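K.L.:
This is the structure I want to talk about, given as structure tokens.
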Amino acid sequence: MLTLEHVPGTDIIELTIDGAFTRADFDRVVEQTEELIREHGTLRVVEIIRGIGTIEPSALWADLKWEPRHIRCFSRVAVVADKRWVSWMVGALGVFLPMKLRCFHHDELDEARAWIAAET
């Protein structure tokens, strides 16, 4: 499942990946995200990865097309996961991405939210 929650009155969203997700899940989250981008210009994101299951190929393809066009719409991203490879990947990719990016462990979710909420 792929879900998005907006923190009311802010430009902060929480995106949660928990198991498998479909193209319909992806399209719903993209629609919500684009609406918030129109409203705020840029967004700050807490991405919580509880578990990654199967992803419909059409959802993966749509994501690969959508993200490059919207990469500058995200000013800060906190990735919250308990897998070491996720932390390694965030560190490696972060060098090439225009936003501030940081990885946190699941037991640091409150710290991730505080970092995202910080204005600097």
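How things are named: the first chain in the structure tokens is A, the next is B, and so on; residues count from 1 in each chain; ligands count from 1 in the order shown.
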Where does region 13-44 of chain A meet region 58-64 of chain A within 10 Å, residue by residue, with the nearest atom pair and distance in Å to one decimal for each, counting only C-alpha atoms, listed by chain and rising number, as JSON lines?
P.N.:
{"residue": "A:Phe21", "atom": "CA", "partner": "A:Ala59", "partner_atom": "CA", "distance": 8.0}
{"residue": "A:Thr22", "atom": "CA", "partner": "A:Ala59", "partner_atom": "CA", "distance": 6.1}
{"residue": "A:Arg23", "atom": "CA", "partner": "A:Ala59", "partner_atom": "CA", "distance": 4.3}
{"residue": "A:Ala24", "atom": "CA", "partner": "A:Ala59", "partner_atom": "CA", "distance": 7.9}
{"residue": "A:Asp25", "atom": "CA", "partner": "A:Ala59", "partner_atom": "CA", "distance": 8.3}
{"residue": "A:Phe26", "atom": "CA", "partner": "A:Ala59", "partner_atom": "CA", "distance": 6.1}
{"residue": "A:Asp27", "atom": "CA", "partner": "A:Ala59", "partner_atom": "CA", "distance": 8.0}
{"residue": "A:Val30", "atom": "CA", "partner": "A:Asp63", "partner_atom": "CA", "distance": 9.0}
K.L.:
For the residues selected in the previous step, produce a file with C-alpha atoms as a tab-separated table (two decimals), in the first residue's frame.
P.N.:
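Output (selection.tsv):
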chain	number	residue	atom	x	y	z
A	21	PHE	CA	1.28	-1.15	-4.34
A	22	THR	CA	-0.60	-0.76	-7.57
A	23	ARG	CA	-0.79	1.79	-10.34
A	24	ALA	CA	-4.07	2.97	-8.83
A	25	ASP	CA	-2.27	3.64	-5.52
A	26	PHE	CA	0.47	5.53	-7.36
A	27	ASP	CA	-1.99	7.60	-9.42
A	30	VAL	CA	0.42	11.64	-7.52
K.L.:
Considering only helix (DSSP H, G or I) as DSSP defines it on the backbone, what residues of chain A qualify? List them as a ChimeraX atom specification.
P.N.:
/A:23-40,57-73,84-94,106-117
K.L.:
Would you output that residue set with C-alpha atoms, as an mmCIF file, in the first residue's frame?
P.N.:
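Full text of part34.cif as output:
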data_model
loop_
_atom_site.group_PDB
_atom_site.id
_atom_site.type_symbol
_atom_site.label_atom_id
_atom_site.label_comp_id
_atom_site.auth_asym_id
_atom_site.auth_seq_id
_atom_site.Cartn_x
_atom_site.Cartn_y
_atom_site.Cartn_z
ATOM 1 C CA ARG A 23 -0.790 1.786 -10.340
ATOM 2 C CA ALA A 24 -4.074 2.975 -8.833
ATOM 3 C CA ASP A 25 -2.269 3.641 -5.519
ATOM 4 C CA PHE A 26 0.468 5.532 -7.364
ATOM 5 C CA ASP A 27 -1.992 7.604 -9.420
ATOM 6 C CA ARG A 28 -3.964 8.564 -6.293
ATOM 7 C CA VAL A 29 -0.812 9.714 -4.465
ATOM 8 C CA VAL A 30 0.421 11.645 -7.518
ATOM 9 C CA GLU A 31 -2.921 13.435 -7.814
ATOM 10 C CA GLN A 32 -2.771 14.460 -4.137
ATOM 11 C CA THR A 33 0.894 15.492 -4.464
ATOM 12 C CA GLU A 34 0.330 17.607 -7.568
ATOM 13 C CA GLU A 35 -2.561 19.402 -5.884
ATOM 14 C CA LEU A 36 -0.313 20.236 -2.915
ATOM 15 C CA ILE A 37 2.521 21.345 -5.239
ATOM 16 C CA ARG A 38 0.096 23.754 -6.932
ATOM 17 C CA GLU A 39 -0.898 25.063 -3.501
ATOM 18 C CA HIS A 40 2.585 25.334 -1.908
ATOM 19 C CA PRO A 57 5.279 -2.554 -13.461
ATOM 20 C CA SER A 58 3.008 0.214 -14.762
ATOM 21 C CA ALA A 59 3.329 2.011 -11.393
ATOM 22 C CA LEU A 60 7.101 1.748 -11.517
ATOM 23 C CA TRP A 61 7.176 3.050 -15.087
ATOM 24 C CA ALA A 62 4.845 5.931 -14.211
ATOM 25 C CA ASP A 63 7.081 6.823 -11.251
ATOM 26 C CA LEU A 64 10.195 6.790 -13.441
ATOM 27 C CA LYS A 65 8.502 9.265 -15.790
ATOM 28 C CA TRP A 66 6.921 11.462 -13.083
ATOM 29 C CA GLU A 67 9.813 11.968 -10.657
ATOM 30 C CA PRO A 68 12.386 13.617 -12.951
ATOM 31 C CA ARG A 69 9.840 16.271 -13.948
ATOM 32 C CA HIS A 70 8.990 17.044 -10.322
ATOM 33 C CA ILE A 71 12.306 16.557 -8.522
ATOM 34 C CA ARG A 72 12.683 20.293 -7.830
ATOM 35 C CA CYS A 73 9.261 20.385 -6.167
ATOM 36 C CA ARG A 84 20.692 -0.645 5.725
ATOM 37 C CA TRP A 85 20.570 -0.733 1.911
ATOM 38 C CA VAL A 86 17.975 2.070 1.933
ATOM 39 C CA SER A 87 20.303 4.254 3.999
ATOM 40 C CA TRP A 88 23.199 3.473 1.678
ATOM 41 C CA MET A 89 21.097 4.255 -1.400
ATOM 42 C CA VAL A 90 19.873 7.559 0.067
ATOM 43 C CA GLY A 91 23.461 8.575 0.813
ATOM 44 C CA ALA A 92 24.678 7.642 -2.656
ATOM 45 C CA LEU A 93 21.812 9.282 -4.547
ATOM 46 C CA GLY A 94 21.651 12.322 -2.299
ATOM 47 C CA HIS A 106 12.226 3.726 12.241
ATOM 48 C CA ASP A 107 12.867 4.466 15.910
ATOM 49 C CA GLU A 108 13.884 8.015 14.856
ATOM 50 C CA LEU A 109 10.559 8.935 13.244
ATOM 51 C CA ASP A 110 10.008 11.851 15.640
ATOM 52 C CA GLU A 111 13.497 13.182 14.809
ATOM 53 C CA ALA A 112 12.736 12.867 11.087
ATOM 54 C CA ARG A 113 9.528 14.848 11.528
ATOM 55 C CA ALA A 114 11.374 17.521 13.524
ATOM 56 C CA TRP A 115 14.094 17.772 10.865
ATOM 57 C CA ILE A 116 11.475 18.144 8.115
ATOM 58 C CA ALA A 117 9.625 20.808 10.092
#
K.L.:
As a PyMOL selection string, which residues of chain A does DSSP assign to strand (DSSP E)?
P.N.:
chain A and resi 2-6+12-21+43-55+74-80+100-104
K.L.:
Those selected residues, please, written with C-alpha atoms and delivered as a short mmCIF file (atom, residue, chain, number, x, y, z; two decimals), in the first residue's frame.
P.N.:
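Listed below is the output, out_37.cif:
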data_model
loop_
_atom_site.label_atom_id
_atom_site.label_comp_id
_atom_site.auth_asym_id
_atom_site.auth_seq_id
_atom_site.Cartn_x
_atom_site.Cartn_y
_atom_site.Cartn_z
CA LEU A 2 1.14 3.50 -0.82
CA THR A 3 -0.47 6.32 1.14
CA LEU A 4 -0.06 10.05 1.53
CA GLU A 5 -1.02 12.24 4.47
CA HIS A 6 -0.79 16.03 4.42
CA ILE A 12 4.70 18.78 4.71
CA ILE A 13 3.50 15.40 3.52
CA GLU A 14 4.08 11.91 4.85
CA LEU A 15 4.37 9.23 2.23
CA THR A 16 4.17 5.66 3.53
CA ILE A 17 5.15 2.51 1.65
CA ASP A 18 3.95 -0.64 3.36
CA GLY A 19 4.02 -3.70 1.14
CA ALA A 20 2.84 -4.02 -2.43
CA PHE A 21 1.28 -1.15 -4.34
CA LEU A 43 6.91 20.24 -0.46
CA ARG A 44 8.81 18.72 2.43
CA VAL A 45 8.44 14.95 2.66
CA VAL A 46 8.74 12.30 5.33
CA GLU A 47 8.92 9.01 3.42
CA ILE A 48 8.27 6.07 5.72
CA ILE A 49 9.30 2.72 4.28
CA ARG A 50 7.80 -0.03 6.42
CA GLY A 51 8.23 -2.71 3.80
CA ILE A 52 8.52 -2.92 0.04
CA GLY A 53 6.41 -5.54 -1.66
CA THR A 54 5.66 -6.11 -5.29
CA ILE A 55 5.09 -3.01 -7.37
CA PHE A 74 10.71 18.82 -3.00
CA SER A 75 12.92 20.92 -0.74
CA ARG A 76 13.58 18.36 2.02
CA VAL A 77 13.11 14.62 2.17
CA ALA A 78 13.50 12.47 5.27
CA VAL A 79 13.55 8.76 4.45
CA VAL A 80 12.61 6.57 7.42
CA LYS A 100 18.19 18.27 1.37
CA LEU A 101 17.98 14.54 1.97
CA ARG A 102 18.52 12.54 5.13
CA CYS A 103 17.90 8.97 6.25
CA PHE A 104 16.51 7.98 9.66
#
